[in-house]
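These notes concern the structure reproduced below.
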Amino acid sequence: MQNTVTNTNTYDDSKKKILIVDDEPSIQDLLVFNLEKEGYKTMTASDGEEGITLALSQNPDLILLDVMLPKADGLTVCKRIRQTMSKVPIIMLSAKGEEIDKILGLEIGADDYMTKPFSIRELIARVKANLRKMDQSDDLSQTGIRSNKVVVGDLKLDLDKFEVEVRGQKVTDLTRREFEVLRYLAQKPGQVVTREDLLEKVWGYEYYGDIRTVDVTIRRIREKIEKNTANPKILITKRGVGYYIESK
């Protein structure tokens, strides 16, 4: 299938642009049809190298990325994109259903993971949730925080610049989702937040969530902000309940 932006005359330039990277023409056609029906513009790539090229040159608002691809697999594509595009939501698609595959996809920076065959209704819901979160430049929920900076103990977040400092040192490799998790927790210092609440408020999933996604994201954040991940001092687990930011 030729890799072009489809139906560019149908939609306004303000419409969100979604890149579909999948080597199955039937999947491409299915996704293009349903996404454009929802008002999105679409681009398609049939192998990993094309996917990387289009992602970096066309700056899509969201990427649907298959794991099993020719030339460069989806995990490689995701890592390459994350090197220069930290904010774009990436939803990985795969016929693999094993837990380890989902964890690996999330570990390298994907925002979400869906297993084929998937429900189009669920996929559209996740696309909308991810795009909605990208559009929210203000607080994630009813935080009441008016300042553009949040300081809790050794943690400092600049909400306008999308920057995090720990003990005065900048953390430069956080993904958009990791930043949003830190922001949500930091705006509730010392308050335990459940995994389910994080899924709803940060990911935007009320019905289509996997709490394992939260655990993997928390682990990635700790690797970037904690001196000792085995004994975290900033991002704390309340066993059997959820997570909180230490306020001392």
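Labeling convention for the structure tokens: chains A, B, ... as they appear, residues from 1 per chain, ligands from 1 in order of appearance.
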
Self-check item: 7 Å contact set for Ser247 (chain A), only C-alpha atoms, chain neighbours under 2 positions out, as a PyMOL selection string
Solution: chain A and resi 152-153+189-190+245

If you keep C-alpha atoms, can you produce a file of those selected residues as an mmCIF file, in the first residue's frame?
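Everything below was put into part.cif:
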```cif
data_model
loop_
_atom_site.group_PDB
_atom_site.id
_atom_site.type_symbol
_atom_site.label_atom_id
_atom_site.label_comp_id
_atom_site.auth_asym_id
_atom_site.auth_seq_id
_atom_site.Cartn_x
_atom_site.Cartn_y
_atom_site.Cartn_z
ATOM 1 C CA VAL A 152 7.550 18.094 46.561
ATOM 2 C CA GLY A 153 10.615 17.195 48.605
ATOM 3 C CA PRO A 189 1.768 14.781 47.829
ATOM 4 C CA GLY A 190 1.605 12.057 50.444
ATOM 5 C CA ILE A 245 5.032 10.831 46.244
#
```

Practice problem: Mind checking which residues fall within 12 Å of Arg80 (chain A), counting only C-alpha atoms, ignoring those fewer than 6 positions away in the same chain, and posting them as number ranges by chain? | Solution: A: 48-49, 51-53, 55-56, 72-74, 86, 108-110

For N, CA and C atoms, I'd like the residues from the last selection saved as a PDB file, in the first residue's frame.
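The result, written out as selection-v3.pdb:
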```
ATOM      1  N   GLY A  48       9.083  -1.277   9.050  1.00  0.00           N
ATOM      2  CA  GLY A  48       9.604  -0.464  10.142  1.00  0.00           C
ATOM      3  C   GLY A  48      10.390   0.752   9.704  1.00  0.00           C
ATOM      4  N   GLU A  49      11.184   0.611   8.665  1.00  0.00           N
ATOM      5  CA  GLU A  49      11.995   1.737   8.209  1.00  0.00           C
ATOM      6  C   GLU A  49      11.123   2.873   7.693  1.00  0.00           C
ATOM      7  N   GLY A  51       8.110   3.389   8.639  1.00  0.00           N
ATOM      8  CA  GLY A  51       7.440   3.924   9.817  1.00  0.00           C
ATOM      9  C   GLY A  51       8.286   4.971  10.518  1.00  0.00           C
ATOM     10  N   ILE A  52       9.567   4.681  10.677  1.00  0.00           N
ATOM     11  CA  ILE A  52      10.478   5.644  11.313  1.00  0.00           C
ATOM     12  C   ILE A  52      10.559   6.918  10.491  1.00  0.00           C
ATOM     13  N   THR A  53      10.722   6.765   9.176  1.00  0.00           N
ATOM     14  CA  THR A  53      10.836   7.931   8.293  1.00  0.00           C
ATOM     15  C   THR A  53       9.609   8.819   8.369  1.00  0.00           C
ATOM     16  N   ALA A  55       7.304   8.899  10.758  1.00  0.00           N
ATOM     17  CA  ALA A  55       7.122   9.450  12.101  1.00  0.00           C
ATOM     18  C   ALA A  55       7.973  10.701  12.300  1.00  0.00           C
ATOM     19  N   LEU A  56       9.214  10.635  11.862  1.00  0.00           N
ATOM     20  CA  LEU A  56      10.132  11.754  12.090  1.00  0.00           C
ATOM     21  C   LEU A  56       9.892  12.918  11.140  1.00  0.00           C
ATOM     22  N   ALA A  72      12.510  -3.515  10.074  1.00  0.00           N
ATOM     23  CA  ALA A  72      12.785  -3.135  11.465  1.00  0.00           C
ATOM     24  C   ALA A  72      11.540  -3.452  12.282  1.00  0.00           C
ATOM     25  N   ASP A  73      11.690  -4.268  13.328  1.00  0.00           N
ATOM     26  CA  ASP A  73      10.512  -4.651  14.100  1.00  0.00           C
ATOM     27  C   ASP A  73       9.973  -3.477  14.911  1.00  0.00           C
ATOM     28  N   GLY A  74       8.745  -3.642  15.414  1.00  0.00           N
ATOM     29  CA  GLY A  74       8.078  -2.554  16.109  1.00  0.00           C
ATOM     30  C   GLY A  74       8.802  -2.065  17.345  1.00  0.00           C
ATOM     31  N   SER A  86       9.469  12.372  22.355  1.00  0.00           N
ATOM     32  CA  SER A  86       9.130  11.801  23.659  1.00  0.00           C
ATOM     33  C   SER A  86       7.644  11.880  23.962  1.00  0.00           C
ATOM     34  N   ILE A 108      10.000  -0.075  26.662  1.00  0.00           N
ATOM     35  CA  ILE A 108      10.786   0.723  25.712  1.00  0.00           C
ATOM     36  C   ILE A 108      10.096   2.033  25.347  1.00  0.00           C
ATOM     37  N   GLY A 109       8.958   2.330  25.975  1.00  0.00           N
ATOM     38  CA  GLY A 109       8.374   3.644  25.804  1.00  0.00           C
ATOM     39  C   GLY A 109       7.017   3.709  25.160  1.00  0.00           C
ATOM     40  N   ALA A 110       6.397   2.567  24.834  1.00  0.00           N
ATOM     41  CA  ALA A 110       5.039   2.606  24.292  1.00  0.00           C
ATOM     42  C   ALA A 110       4.068   3.053  25.383  1.00  0.00           C
TER      43      ALA A 110
END
```

Self-check item: Backbone-only DSSP, strand (DSSP E or B) members of chain A, as number ranges by chain
Solution: A: 6, 17-21, 41-45, 62-66, 90-94, 112-115, 149-152, 155-158, 163-166, 169-171, 193-194, 235-238, 242-245

Practice problem: Find the residue from A:Asp154, A:Arg219, A:Ile120, A:Arg176 that sits nearest to Lys37 (chain A); use only C-alpha atoms when measuring. | Solution: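 Looking only at the distances to Lys37 (chain A), the closest residue turns out to be A:Ile120.
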
Self-check item: Atom-to-atom span, CA of Ala230 (chain A) and CA of Val151 (chain A), Å
Solution: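 Taking CA of Ala230 (chain A) and CA of Val151 (chain A), their separation equals 23.6 Å.
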
Self-check item: Pick from A:Ile124, A:Asn130, A:Glu163, A:Asp66 nearest to Lys201 (chain A), counting only C-alpha atoms
Solution: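 For Lys201 (chain A), the nearest of the candidates is A:Asn130.
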
Quiz item: CA of Leu182 (chain A) and CA of Lys149 (chain A) are how many Å apart?
Solution: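 About the pair CA of Leu182 (chain A) and CA of Lys149 (chain A): they are 12.5 Å apart.
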
Quiz item: Nearest to Ala186 (chain A) among A:Arg222, A:Ala129, A:Tyr244, A:Asp135, with distances taken over only C-alpha atoms: which residue is it?
Solution: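 Of all the options, A:Tyr244 lies closest to Ala186 (chain A).
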
Exercise. Can you list, as a PyMOL selection string, all residues belonging to region 19-203 of chain A that DSSP tags as alpha helix (DSSP H)?
Key: chain A and resi 25-37+48-58+74-84+99-107+120-135+176-186+195-198

Quiz item: Do you know which residues are at most 8 Å from Lys16 (chain A) counting only C-alpha atoms, after dropping those on the same chain fewer than 5 positions away, and could you put them as a count of residues only?
Solution: 4

Quiz item: Residues at most 9 Å from Asp23 (chain A), counting only C-alpha atoms, excluding those fewer than 3 positions away in the same chain, as a PyMOL selection string?
Solution: chain A and resi 1+26-28+45-48+66+68-70

Exercise. Would you mind reading off the distance between CA of Leu174 (chain A) and CA of Lys233 (chain A), one decimal, in Å?
Key: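 Atom-to-atom, CA of Leu174 (chain A) to CA of Lys233 (chain A), that is 18.3 Å.
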
Quiz item: From the list A:Val150, A:Leu54, A:Val214, A:Ala125, which residue is nearest Lys188 (chain A) when using only C-alpha atoms?
Solution: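 Smallest separation from Lys188 (chain A) among the options: A:Val150.
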
Quiz item: From the list A:Leu123, A:Leu104, A:Val67, A:Val241, which residue is nearest Leu30 (chain A) when using only C-alpha atoms?
Solution: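 The answer is A:Leu123, which sits nearest to Leu30 (chain A).
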
Quiz item: So which residues touch Gly242 (chain A) within 10 Å, counting only C-alpha atoms, skipping near sequence neighbours fewer than 3 positions away, as number ranges by chain?
Solution: A: 191-198, 214-215, 236-239

Self-check item: Counting only C-alpha atoms, the residue of A:Thr44, A:Tyr243, A:Val216, A:Lys227 that sits nearest Pro25 (chain A)
Solution: A:Thr44
